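Colleague: See structure.cif below, with mmCIF, C-alpha atoms and all ligand atoms.
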```
data_my_file
loop_
_atom_site.label_atom_id
_atom_site.label_comp_id
_atom_site.auth_asym_id
_atom_site.auth_seq_id
_atom_site.Cartn_x
_atom_site.Cartn_y
_atom_site.Cartn_z
CA MET A 1 -20.97 -7.39 -13.28
CA LYS A 2 -19.24 -4.25 -14.53
CA ILE A 3 -16.57 -2.84 -12.21
CA LEU A 4 -14.85 0.55 -11.96
CA ILE A 5 -11.31 0.74 -10.57
CA VAL A 6 -10.21 4.16 -9.33
CA GLY A 7 -6.46 4.77 -9.73
CA GLY A 8 -3.86 4.18 -12.39
CA GLY A 9 -0.85 2.36 -10.98
CA GLY A 10 0.53 -1.16 -10.89
CA ARG A 11 -1.72 -1.91 -7.94
CA GLU A 12 -4.84 -1.15 -9.95
CA TYR A 13 -3.47 -3.11 -12.93
CA ALA A 14 -2.96 -6.15 -10.66
CA ILE A 15 -6.46 -5.84 -9.19
CA ALA A 16 -7.88 -5.71 -12.72
CA LEU A 17 -6.04 -8.87 -13.80
CA ALA A 18 -7.30 -10.70 -10.70
CA LEU A 19 -10.89 -9.54 -11.36
CA LYS A 20 -10.72 -10.76 -14.95
CA ARG A 21 -10.11 -14.34 -13.75
CA ASP A 22 -13.79 -14.33 -12.66
CA LYS A 23 -15.89 -14.92 -15.76
CA SER A 24 -18.84 -13.07 -14.23
CA VAL A 25 -16.88 -9.80 -14.54
CA GLU A 26 -18.27 -8.39 -17.77
CA GLY A 27 -16.41 -5.16 -18.17
CA LEU A 28 -13.77 -3.05 -16.42
CA TYR A 29 -13.44 0.73 -16.27
CA PHE A 30 -10.53 2.74 -14.92
CA ALA A 31 -10.51 6.30 -13.61
CA PRO A 32 -8.04 7.36 -14.83
CA GLY A 33 -6.07 4.16 -15.53
CA ASN A 34 -2.77 4.31 -17.45
CA GLY A 35 -1.31 3.62 -20.88
CA ALA A 36 -1.70 -0.14 -20.45
CA THR A 37 -4.98 -0.53 -18.53
CA ASP A 38 -6.84 0.34 -21.74
CA GLU A 39 -5.94 -3.22 -22.81
CA LEU A 40 -7.90 -4.58 -19.83
CA GLY A 41 -10.87 -2.21 -19.93
CA THR A 42 -11.92 1.36 -20.65
CA ASN A 43 -10.03 4.37 -19.30
CA MET A 44 -12.25 7.23 -18.12
CA ASP A 45 -11.15 10.82 -17.72
CA ILE A 46 -13.65 11.95 -15.07
CA LYS A 47 -12.07 13.56 -12.03
CA ASP A 48 -15.09 14.96 -10.23
CA PHE A 49 -16.52 12.32 -7.85
CA GLU A 50 -20.16 13.42 -8.31
CA LYS A 51 -19.80 13.14 -12.08
CA LEU A 52 -18.06 9.79 -11.74
CA ALA A 53 -20.92 8.51 -9.55
CA GLU A 54 -23.42 9.65 -12.20
CA PHE A 55 -21.43 7.79 -14.85
CA VAL A 56 -21.36 4.62 -12.72
CA LYS A 57 -25.15 4.76 -12.34
CA LYS A 58 -25.73 5.41 -16.03
CA GLU A 59 -23.43 2.56 -17.11
CA GLY A 60 -24.93 0.13 -14.57
CA ILE A 61 -21.54 -0.49 -12.93
CA GLY A 62 -22.16 -2.71 -9.90
CA LEU A 63 -18.98 -2.17 -7.90
CA THR A 64 -16.28 0.49 -7.57
CA ILE A 65 -12.88 -0.39 -6.08
CA VAL A 66 -10.61 2.45 -4.94
CA GLY A 67 -6.85 1.81 -5.19
CA PRO A 68 -4.94 4.86 -3.88
CA GLU A 69 -5.33 6.86 -0.67
CA ALA A 70 -5.86 10.32 -2.20
CA PRO A 71 -9.47 9.81 -3.42
CA LEU A 72 -10.31 8.09 -0.11
CA VAL A 73 -8.94 11.01 1.90
CA GLU A 74 -10.92 13.33 -0.39
CA GLY A 75 -14.14 11.45 0.38
CA ILE A 76 -15.01 9.49 -2.79
CA THR A 77 -16.58 6.70 -0.73
CA ASP A 78 -18.97 9.00 1.09
CA ILE A 79 -20.19 10.49 -2.19
CA PHE A 80 -20.71 7.09 -3.86
CA ARG A 81 -22.58 5.75 -0.80
CA LYS A 82 -24.82 8.81 -0.81
CA HIS A 83 -25.76 7.77 -4.35
CA GLY A 84 -26.51 4.24 -3.11
CA LEU A 85 -23.54 2.72 -4.98
CA ALA A 86 -21.46 -0.26 -3.81
CA ILE A 87 -17.88 0.91 -3.28
CA PHE A 88 -14.86 -0.81 -1.75
CA GLY A 89 -12.79 1.75 0.14
CA VAL A 90 -12.84 3.57 3.47
CA SER A 91 -14.84 6.68 4.30
CA LYS A 92 -13.21 10.09 4.60
CA GLU A 93 -13.38 9.82 8.38
CA ALA A 94 -11.71 6.38 8.43
CA ALA A 95 -9.07 7.54 5.93
CA LYS A 96 -7.69 9.78 8.69
CA LEU A 97 -5.85 6.68 9.92
CA GLU A 98 -3.51 7.28 6.98
CA GLY A 99 -4.06 11.00 6.38
CA SER A 100 -2.96 12.09 9.86
CA LYS A 101 -0.16 10.39 11.76
CA ALA A 102 -1.18 12.24 14.93
CA PHE A 103 -4.76 10.92 14.64
CA MET A 104 -3.40 7.42 13.99
CA LYS A 105 -1.06 7.43 16.99
CA ASP A 106 -3.76 8.77 19.31
CA PHE A 107 -6.16 6.10 18.01
CA LEU A 108 -3.59 3.36 18.71
CA SER A 109 -3.05 4.73 22.17
CA ARG A 110 -6.80 5.04 22.96
CA HIS A 111 -7.29 1.39 22.00
CA ASN A 112 -4.13 -0.03 23.57
CA ILE A 113 -2.73 -1.20 20.24
CA PRO A 114 1.05 -1.80 20.46
CA THR A 115 3.09 1.01 18.89
CA ALA A 116 6.28 3.02 19.51
CA LYS A 117 6.24 5.42 22.48
CA TYR A 118 5.48 8.91 21.12
CA ILE A 119 4.11 12.39 21.49
CA GLN A 120 2.23 14.37 18.89
CA THR A 121 2.50 18.12 19.20
CA ASN A 122 2.71 21.50 17.48
CA SER A 123 4.90 22.90 20.25
CA ILE A 124 8.63 23.06 19.70
CA LYS A 125 9.18 23.12 23.47
CA LYS A 126 7.23 19.90 24.01
CA ALA A 127 9.02 18.24 21.09
CA TYR A 128 12.44 19.15 22.54
CA GLU A 129 11.47 17.96 26.02
CA PHE A 130 10.34 14.60 24.69
CA ILE A 131 13.43 14.23 22.48
CA ASP A 132 15.54 14.71 25.63
CA THR A 133 13.86 11.68 27.23
CA LEU A 134 14.77 9.38 24.29
CA SER A 135 18.05 7.96 23.07
CA ALA A 136 19.13 8.14 19.42
CA PRO A 137 18.11 7.19 16.80
CA ILE A 138 14.89 9.18 17.16
CA VAL A 139 12.02 9.27 14.68
CA VAL A 140 10.35 12.56 13.71
CA LYS A 141 7.28 12.48 11.45
CA ALA A 142 5.20 15.16 9.78
CA ASP A 143 1.52 14.70 10.62
CA GLY A 144 0.10 15.01 7.09
CA LEU A 145 0.58 13.19 3.78
CA CYS A 146 4.04 13.92 2.30
CA ALA A 147 4.23 11.27 -0.44
CA GLY A 148 6.26 8.98 1.81
CA LYS A 149 8.91 11.59 2.56
CA GLY A 150 7.69 12.92 5.91
CA VAL A 151 9.65 10.54 8.17
CA ILE A 152 13.11 11.44 9.49
CA ILE A 153 15.21 8.90 11.38
CA ALA A 154 17.57 11.22 13.25
CA LYS A 155 20.93 9.86 14.35
CA SER A 156 21.30 12.27 17.29
CA LYS A 157 19.14 14.38 19.60
CA ASP A 158 20.43 17.52 17.88
CA GLU A 159 19.41 16.22 14.46
CA ALA A 160 15.99 15.23 15.84
CA LYS A 161 15.52 18.74 17.27
CA GLN A 162 16.56 20.34 14.00
CA SER A 163 14.12 18.14 12.05
CA ALA A 164 11.31 18.96 14.49
CA LYS A 165 12.08 22.67 14.16
CA ASP A 166 12.19 22.57 10.34
CA MET A 167 8.88 20.70 10.21
CA LEU A 168 7.05 22.88 12.74
CA SER A 169 8.17 26.09 11.04
CA GLY A 170 6.59 24.80 7.81
CA GLU A 171 9.98 24.85 6.09
CA SER A 172 10.25 21.10 5.38
CA PHE A 173 6.74 20.04 4.45
CA GLY A 174 4.49 23.12 4.58
CA ASN A 175 1.20 22.59 6.40
CA ALA A 176 1.71 18.80 6.56
CA GLY A 177 4.49 19.43 9.11
CA LYS A 178 2.73 22.01 11.30
CA ASN A 179 1.95 19.14 13.67
CA ILE A 180 4.48 16.38 14.27
CA VAL A 181 4.90 12.98 15.87
CA VAL A 182 8.14 12.26 17.72
CA GLU A 183 8.70 8.61 18.60
CA GLU A 184 11.16 6.04 19.79
CA PHE A 185 13.05 4.05 17.17
CA LEU A 186 12.04 0.40 16.91
CA ASP A 187 14.83 -1.93 15.86
CA GLY A 188 13.48 -5.04 14.13
CA TYR A 189 12.19 -6.19 10.76
CA GLU A 190 9.21 -4.82 8.85
CA LEU A 191 6.18 -6.65 7.49
CA SER A 192 3.19 -5.49 5.47
CA ILE A 193 0.04 -7.12 6.80
CA PHE A 194 -3.31 -6.65 5.05
CA ALA A 195 -6.88 -7.29 6.08
CA VAL A 196 -9.90 -6.75 3.84
CA CYS A 197 -12.66 -5.41 6.09
CA ASP A 198 -16.42 -4.83 5.78
CA GLY A 199 -16.91 -2.61 8.83
CA GLU A 200 -17.40 -5.55 11.17
CA ASN A 201 -15.74 -8.66 9.71
CA TYR A 202 -12.31 -9.08 8.17
CA LYS A 203 -10.19 -11.49 6.14
CA ILE A 204 -6.46 -11.48 6.70
CA LEU A 205 -4.15 -11.94 3.69
CA PRO A 206 -0.69 -13.56 3.45
CA ALA A 207 1.93 -11.20 4.94
CA ALA A 208 4.27 -9.48 2.49
CA GLN A 209 7.59 -7.67 2.68
CA ASP A 210 8.34 -4.48 0.80
CA HIS A 211 11.82 -3.12 -0.12
CA LYS A 212 11.68 0.63 0.42
CA ARG A 213 15.26 1.62 -0.40
CA LEU A 214 16.37 2.22 -3.97
CA LEU A 215 19.48 0.02 -3.98
CA ASP A 216 20.54 -3.53 -3.13
CA ASN A 217 21.29 -4.29 0.54
CA ASP A 218 18.71 -1.67 1.56
CA GLU A 219 20.95 1.22 0.63
CA GLY A 220 20.17 4.54 -1.05
CA PRO A 221 17.15 6.81 -0.64
CA ASN A 222 13.63 5.75 0.32
CA THR A 223 11.21 5.05 -2.53
CA GLY A 224 7.57 4.04 -2.82
CA GLY A 225 8.84 0.42 -2.79
CA MET A 226 11.24 -1.37 -5.16
CA GLY A 227 9.85 -4.88 -4.80
CA ALA A 228 7.80 -7.21 -2.65
CA TYR A 229 7.09 -10.85 -2.07
CA ALA A 230 4.48 -12.94 -0.27
CA PRO A 231 3.83 -14.92 1.76
CA THR A 232 6.90 -14.19 3.83
CA PRO A 233 8.20 -16.95 6.14
CA LEU A 234 9.12 -14.13 8.54
CA ALA A 235 5.45 -14.09 9.58
CA ASN A 236 4.63 -17.26 11.53
CA ASP A 237 1.32 -18.29 13.15
CA ASP A 238 2.14 -16.30 16.25
CA ILE A 239 2.68 -13.09 14.25
CA TYR A 240 -0.64 -13.58 12.40
CA ALA A 241 -2.35 -14.21 15.75
CA GLN A 242 -0.85 -11.04 17.24
CA ALA A 243 -1.96 -9.06 14.18
CA GLU A 244 -5.54 -10.33 14.52
CA GLU A 245 -5.94 -10.14 18.31
CA PHE A 246 -3.95 -7.02 19.15
CA VAL A 247 -4.37 -4.95 16.00
CA ILE A 248 -7.12 -5.86 13.51
CA LYS A 249 -9.91 -6.71 15.99
CA PRO A 250 -9.35 -3.68 18.26
CA THR A 251 -9.01 -1.43 15.19
CA LEU A 252 -12.35 -2.53 13.72
CA LYS A 253 -14.03 -2.31 17.12
CA GLY A 254 -12.48 1.10 17.84
CA MET A 255 -13.39 2.57 14.46
CA LYS A 256 -16.97 1.37 14.83
CA GLU A 257 -17.25 2.81 18.34
CA GLU A 258 -15.87 6.10 17.09
CA GLY A 259 -18.49 6.33 14.36
CA ALA A 260 -16.22 5.49 11.40
CA PRO A 261 -16.76 1.79 10.63
CA TYR A 262 -13.84 0.47 8.61
CA THR A 263 -14.83 -0.84 5.18
CA GLY A 264 -11.82 -1.27 2.95
CA THR A 265 -8.24 -2.51 3.08
CA LEU A 266 -6.42 -2.17 6.39
CA PHE A 267 -2.69 -2.12 5.70
CA ILE A 268 -0.64 -2.55 8.85
CA GLY A 269 2.95 -1.37 8.51
CA ALA A 270 4.33 -3.62 11.26
CA MET A 271 7.71 -3.80 12.97
CA ILE A 272 8.61 -7.06 14.70
CA VAL A 273 10.93 -6.52 17.65
CA ASN A 274 11.89 -9.60 19.69
CA LYS A 275 8.93 -11.51 18.19
CA LYS A 276 6.48 -8.82 19.26
CA LEU A 277 4.41 -6.91 16.71
CA TYR A 278 4.20 -3.09 16.83
CA VAL A 279 2.22 -0.88 14.47
CA LEU A 280 4.46 1.66 12.69
CA GLU A 281 1.64 3.02 10.59
CA TYR A 282 -1.67 2.26 8.99
CA ASN A 283 -2.49 2.75 5.37
CA VAL A 284 -6.08 2.63 4.24
CA ARG A 285 -5.42 0.86 0.91
CA PHE A 286 -3.30 -1.90 -0.55
CA GLY A 287 0.44 -1.39 -0.67
CA ASP A 288 2.12 -0.91 -4.01
CA PRO A 289 4.01 -3.20 -4.97
CA GLU A 290 2.56 -5.55 -2.31
CA CYS A 291 -0.78 -5.72 -4.11
CA GLU A 292 0.91 -6.95 -7.27
CA VAL A 293 2.19 -10.05 -5.43
CA LEU A 294 -0.98 -10.69 -3.41
CA MET A 295 -3.55 -10.60 -6.20
CA PRO A 296 -2.12 -13.55 -8.20
CA LEU A 297 -2.17 -15.69 -5.04
CA LEU A 298 -5.95 -15.35 -4.61
CA LYS A 299 -7.82 -18.60 -5.19
CA THR A 300 -11.16 -17.06 -4.26
CA SER A 301 -12.65 -14.65 -6.81
CA ALA A 302 -11.33 -11.11 -6.30
CA LYS A 303 -14.75 -9.82 -7.32
CA GLU A 304 -16.42 -11.83 -4.54
CA LEU A 305 -13.88 -10.58 -1.99
CA PHE A 306 -14.27 -6.88 -2.79
CA TYR A 307 -18.00 -6.99 -3.45
CA LYS A 308 -18.80 -8.87 -0.23
CA ALA A 309 -16.62 -6.43 1.71
CA ALA A 310 -18.32 -3.43 0.09
CA ILE A 311 -21.81 -4.66 1.01
CA GLY A 312 -20.91 -5.80 4.55
CA ARG A 313 -21.20 -9.55 3.97
CA LEU A 314 -17.63 -10.81 4.24
CA ASN A 315 -18.77 -13.37 6.81
CA GLU A 316 -20.33 -15.32 3.89
CA LEU A 317 -16.96 -15.69 2.17
CA ASP A 318 -14.41 -18.44 2.59
CA LEU A 319 -11.20 -16.72 1.48
CA GLU A 320 -8.61 -19.08 0.02
CA PHE A 321 -5.11 -18.55 -1.32
CA LYS A 322 -3.00 -20.71 -3.59
CA ASP A 323 -0.24 -22.68 -1.96
CA GLU A 324 2.32 -20.63 -3.88
CA PHE A 325 4.64 -17.63 -3.61
CA ALA A 326 4.90 -14.45 -5.63
CA VAL A 327 7.87 -12.11 -6.04
CA GLY A 328 7.57 -8.68 -7.65
CA VAL A 329 10.53 -6.66 -8.95
CA VAL A 330 9.85 -2.98 -9.62
CA VAL A 331 11.44 -1.60 -12.77
CA ALA A 332 11.90 2.15 -12.39
CA SER A 333 12.99 4.92 -14.73
CA LYS A 334 16.52 6.28 -14.87
CA ASP A 335 16.20 9.23 -12.49
CA TYR A 336 13.72 7.75 -10.00
CA PRO A 337 13.21 8.86 -7.21
CA TYR A 338 15.09 12.12 -7.76
CA LYS A 339 13.36 13.58 -10.77
CA ASN A 340 11.16 12.76 -13.76
CA SER A 341 12.73 11.01 -16.72
CA GLU A 342 12.06 11.49 -20.42
CA PRO A 343 9.38 9.09 -21.76
CA LYS A 344 10.97 6.03 -23.43
CA PRO A 345 9.27 3.32 -25.49
CA ILE A 346 8.94 -0.05 -23.76
CA ILE A 347 10.14 -3.06 -25.69
CA SER A 348 8.44 -6.20 -24.51
CA ASN A 349 7.85 -9.77 -25.51
CA VAL A 350 6.14 -10.65 -22.26
CA LYS A 351 2.88 -12.58 -22.27
CA ASN A 352 0.94 -12.63 -19.02
CA SER A 353 0.49 -16.18 -17.71
CA ALA A 354 -0.31 -17.97 -14.47
CA ASP A 355 3.47 -18.08 -13.79
CA SER A 356 4.38 -14.48 -14.40
CA TYR A 357 3.06 -11.12 -15.49
CA ALA A 358 4.06 -7.48 -15.85
CA ALA A 359 1.96 -4.96 -13.93
CA TYR A 360 2.14 -1.61 -15.68
CA ALA A 361 2.29 1.55 -13.55
CA GLY A 362 4.00 4.73 -14.79
CA VAL A 363 3.18 4.33 -18.47
CA THR A 364 1.41 6.26 -21.23
CA LYS A 365 0.40 5.20 -24.72
CA LYS A 366 1.16 7.06 -27.95
CA GLU A 367 0.11 5.67 -31.33
CA GLY A 368 -0.23 2.17 -29.91
CA VAL A 369 3.22 2.17 -28.24
CA ILE A 370 3.53 1.98 -24.45
CA TYR A 371 6.02 4.50 -23.04
CA ALA A 372 7.81 4.44 -19.68
CA ASN A 373 6.65 7.75 -18.32
CA GLY A 374 8.88 8.02 -15.24
CA GLY A 375 8.73 6.87 -11.63
CA ARG A 376 8.02 3.24 -10.99
CA VAL A 377 7.21 2.07 -14.50
CA LEU A 378 6.22 -1.57 -14.07
CA VAL A 379 6.48 -4.56 -11.78
CA CYS A 380 7.73 -7.94 -13.02
CA VAL A 381 5.92 -10.57 -10.98
CA GLY A 382 6.85 -14.26 -10.83
CA ILE A 383 4.70 -16.94 -9.19
CA GLY A 384 6.02 -20.34 -8.11
CA LYS A 385 6.00 -23.23 -5.69
CA SER A 386 8.87 -21.68 -3.75
CA ILE A 387 10.15 -18.14 -3.25
CA LYS A 388 13.20 -19.10 -5.27
CA GLU A 389 11.15 -20.30 -8.23
CA ALA A 390 8.92 -17.22 -8.10
CA ARG A 391 11.95 -14.97 -7.89
CA ASN A 392 13.66 -16.64 -10.86
CA ARG A 393 10.52 -16.15 -12.92
CA ALA A 394 10.31 -12.48 -11.92
CA TYR A 395 13.95 -11.84 -12.88
CA ASP A 396 13.49 -13.79 -16.13
CA LEU A 397 10.71 -11.35 -17.00
CA THR A 398 13.00 -8.35 -16.44
CA LYS A 399 15.13 -9.69 -19.31
CA ASN A 400 12.16 -9.65 -21.68
CA ILE A 401 10.79 -6.21 -21.02
CA SER A 402 12.86 -3.10 -21.03
CA PHE A 403 13.33 0.57 -21.91
CA GLU A 404 16.25 2.97 -21.94
CA GLY A 405 17.46 3.75 -18.41
CA ALA A 406 15.44 0.94 -16.76
CA LYS A 407 16.74 -0.05 -13.34
CA PHE A 408 15.76 -2.50 -10.62
CA ARG A 409 17.06 -4.12 -7.46
CA ASN A 410 18.71 -7.53 -7.77
CA ASP A 411 18.01 -8.78 -4.27
CA ILE A 412 14.21 -8.76 -3.85
CA ALA A 413 13.12 -11.32 -1.21
CA TYR A 414 16.66 -11.61 0.18
CA GLN A 415 15.40 -11.69 3.77
CA ALA A 416 13.43 -14.84 3.02
CA LEU A 417 16.34 -16.57 1.27
CA LYS A 418 19.06 -15.74 3.80
P1 LIG B 1 5.99 5.37 8.01
O1 LIG B 1 5.60 6.26 6.87
O2 LIG B 1 5.51 5.81 9.34
O3 LIG B 1 5.76 3.90 7.75
O4 LIG B 1 7.58 5.42 8.05
C1 LIG B 1 8.36 5.13 6.89
C2 LIG B 1 9.48 4.19 7.25
O5 LIG B 1 10.26 4.75 8.31
C3 LIG B 1 8.98 2.86 7.81
O6 LIG B 1 8.69 1.96 6.79
C4 LIG B 1 10.16 2.44 8.64
O7 LIG B 1 11.16 1.85 7.83
C5 LIG B 1 10.70 3.74 9.20
N1 LIG B 1 10.13 4.00 10.54
C6 LIG B 1 9.03 4.73 10.82
N2 LIG B 1 8.81 4.77 12.15
C7 LIG B 1 9.80 4.06 12.72
C8 LIG B 1 10.13 3.72 14.08
N3 LIG B 1 9.41 4.16 15.12
N4 LIG B 1 11.23 2.95 14.28
C9 LIG B 1 11.97 2.52 13.24
N5 LIG B 1 11.72 2.80 11.95
C10 LIG B 1 10.64 3.56 11.69
N1 LIG B 2 4.65 -0.23 -0.53
C1 LIG B 2 4.30 0.66 0.51
C2 LIG B 2 3.12 1.48 0.24
O1 LIG B 2 2.35 1.25 -0.67
O2 LIG B 2 2.90 2.41 1.02
#
```
What would you get if you wrote out this structure as structure tokens?
Modeller:
Amino acid sequence: MKILIVGGGGREYAIALALKRDKSVEGLYFAPGNGATDELGTNMDIKDFEKLAEFVKKEGIGLTIVGPEAPLVEGITDIFRKHGLAIFGVSKEAAKLEGSKAFMKDFLSRHNIPTAKYIQTNSIKKAYEFIDTLSAPIVVKADGLCAGKGVIIAKSKDEAKQSAKDMLSGESFGNAGKNIVVEEFLDGYELSIFAVCDGENYKILPAAQDHKRLLDNDEGPNTGGMGAYAPTPLANDDIYAQAEEFVIKPTLKGMKEEGAPYTGTLFIGAMIVNKKLYVLEYNVRFGDPECEVLMPLLKTSAKELFYKAAIGRLNELDLEFKDEFAVGVVVASKDYPYKNSEPKPIISNVKNSADSYAAYAGVTKKEGVIYANGGRVLVCVGIGKSIKEARNRAYDLTKNISFEGAKFRNDIAYQALK
């Protein structure tokens, strides 16, 4: 089977490597891919979804897998389905769970799914009144997509009110902030929990932990994620059971009842407070860098998993994972996350193996040389029998692949090794 992967980050690179382990995968295409995915398949420069669907038909591509949220929010799935194509990814309607925080919170509330106490409003008066009922810290969120920057954790009521005001006036985030969510602060530890869903059935994956801050000890500004590992021992059987019973099942049932059956990856951004699981947010796709550590742990064929989910037959699949751990260390460019950095050539003597691999993200290719093109450039992933072994392998890789200005955190997976 030929497969198209939509996206061009480390997540899509990791999905491609996992797919290639299945010998029945005959060819991979990327739209748009990056400067390293052309070594795994063919990069396509087709942005228009109708044209892409035509291409998929013409080429006889049997499955399309969508990595990032943007094409899902823009409705790629609906267009491909209209053409009768098998696609793994949520519909435009279901993508609202990520695209609108207000929609997401109201959905959680309608279906009694545990989450922080909140209001969603476009009224400054209502926001202030609710802030007065809470104690600091207080969380203020812009409703729309803001590339991970739309969440303010205010240290006082005054700061919360100022943030609410700046968002509602359009000053902070434009239209994305014209509606806001104000909520109580939950004090616990975070987990990333994933379920692959086919509208009705689901398969839960090993829980991961991301590291959102730029610097060691969770200091510095927020980023898209500086590293991840899985499975995390911080998720025990009880946490998995809570995720299934109180979140995944009611979410699938609720989405179906509301006319938007959920076919794709459900990413639960969870906070565990006193052993109880709360939903902070949903994403409608795999996390990045979480995906890079989950894909190598798959024992079952990735193609079977995504194809069965896309055609609504996940119940036929017995999903198995290796009895191993994976740790991923993000290597970012010099000025990340503040501004773009100059492209720099990557010097590497890394060979992908079952023990470790480099997932390329922010890279371009010029005359056969791969350049770090800014942002999160690549993820060094180690796999091992213990978190420690996996982590050592990941950090060993960082010594063998580098570019000018490269930086990474030195403490990925610290919560599991404490
Ligand atoms: P979100 O985009 O909603 O996941 O928020 C981004 C980050 O802000 C989360 O990963 C948390 O670290 C933090 N956060 C969001 N909401 C809350 C909350 N209610 N309590 C504590 N931290 C939060
Ligand atoms: N690593 C978090 C995310 O992909 O949103």
Colleague: Which residues form the shell of 6 Å around ligand LIG 1 (chain B) when you count all atoms listed in the file, given as an MDAnalysis selection string?
Modeller: chainID A and resid 116 139 148 151 183:187 280:281
Colleague: Generate the output file for the selected residues, C-alpha atoms, as an mmCIF file, in the coordinates of the input.
Modeller:
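Written out: part00.cif:
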```
data_model
loop_
_atom_site.group_PDB
_atom_site.id
_atom_site.type_symbol
_atom_site.label_atom_id
_atom_site.label_comp_id
_atom_site.auth_asym_id
_atom_site.auth_seq_id
_atom_site.Cartn_x
_atom_site.Cartn_y
_atom_site.Cartn_z
ATOM 1 C CA ALA A 116 6.280 3.020 19.510
ATOM 2 C CA VAL A 139 12.020 9.270 14.680
ATOM 3 C CA GLY A 148 6.260 8.980 1.810
ATOM 4 C CA VAL A 151 9.650 10.540 8.170
ATOM 5 C CA GLU A 183 8.700 8.610 18.600
ATOM 6 C CA GLU A 184 11.160 6.040 19.790
ATOM 7 C CA PHE A 185 13.050 4.050 17.170
ATOM 8 C CA LEU A 186 12.040 0.400 16.910
ATOM 9 C CA ASP A 187 14.830 -1.930 15.860
ATOM 10 C CA LEU A 280 4.460 1.660 12.690
ATOM 11 C CA GLU A 281 1.640 3.020 10.590
#
```
Colleague: Please identify the residues whose atoms come within 8 Å of ligand LIG 2 (chain B), using only C-alpha atoms and all ligand atoms, and report them as a list in words.
Modeller: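 Those within range of ligand LIG 2 (chain B) are Gly148, Ser192, Asp210, His211, Lys212, Gly224, Gly225, Ala228, Asn283, Arg285, Phe286, Gly287, Asp288, Pro289 and Glu290 of chain A.
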Colleague: Return the single residue from A:Ser169, A:Asn222, A:Asn400, A:Gln209 that is closest to A:Gly269, with distances computed using only C-alpha atoms.
Modeller: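 Under the stated criterion, the closest residue is A:Gln209.
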Colleague: Could you give me, as a list in words, the residues within 7 Å of A:Gly27, counting only C-alpha atoms and dropping anything in the same chain fewer than 6 positions from it?
Modeller: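 Here the qualifying residues turn out to be Lys2, Ile3 and Gly41 of chain A.
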Colleague: Might you pull out every residue within 10 Å of A:Lys82, with only C-alpha atoms counted and same-chain residues fewer than 4 positions away left off, and present them as a list of chain:residue names?
Modeller: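 Result of the neighbour search: A:Glu50, A:Ala53, A:Thr77, A:Asp78.
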Colleague: Using all atoms listed in the file for the distances, tell me which of A:Thr42, A:Ser172, A:Ser301, A:Asn392 is nearest to A:Ile15.
Modeller: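 Going through A:Thr42, A:Ser172, A:Ser301, A:Asn392 one by one, the smallest distance to A:Ile15 is for A:Ser301.
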Colleague: May I ask for the distance between atom CA of A:Thr263 and atom CA of A:Leu314, given in Å to one decimal place?
Modeller: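 Computing the Euclidean distance for atom CA of A:Thr263 and atom CA of A:Leu314 yields 10.4 Å.
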Colleague: Which residues come within 8 Å of stretch 117-120 of chain A, counting only C-alpha atoms, excluding same-chain residues fewer than 4 positions away, as a list in words?
Modeller: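 Listing them by chain and then by number gives Ala102, Lys105, Ala127, Phe130, Asn179, Ile180, Val181, Val182, Glu183 and Glu184 of chain A.
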Colleague: Suppose you want the space between atom CA of A:Tyr240 and atom CA of A:Val279; what is it in Å?
Modeller: 13.2 Å
Colleague: Between A:Leu19, A:Met295, A:Ala136, A:Leu72, which is the closest to A:Leu97 once you count all atoms listed in the file?
Modeller: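 Smallest distance to A:Leu97 is found for A:Leu72.
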Colleague: If I take atom CA of A:Val56 and atom CA of A:Leu4, how far is one from the other in Å, to one decimal?
Modeller: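 Between these atoms lies a distance of 7.7 Å.
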Colleague: Excluding A:Lys366 and its own-chain neighbours fewer than 2 positions away, which residues fall within 12 Å of it when counting all atoms listed in the file? Please give them as a count of residues only.
Modeller: 15
Colleague: List the neighbours of A:Lys407 out to 8 Å using only C-alpha atoms; skip same-chain residues closer than 6 positions along the sequence, and give me the result as a PyMOL selection string.
Modeller: chain A and resi 331-334
Colleague: Using only C-alpha atoms, which of the listed residues (A:Ala241, A:Ala230, A:Ile138, A:Val284) sits closest to A:Ala390?
Modeller: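 Result for the nearest residue to A:Ala390: A:Ala230.
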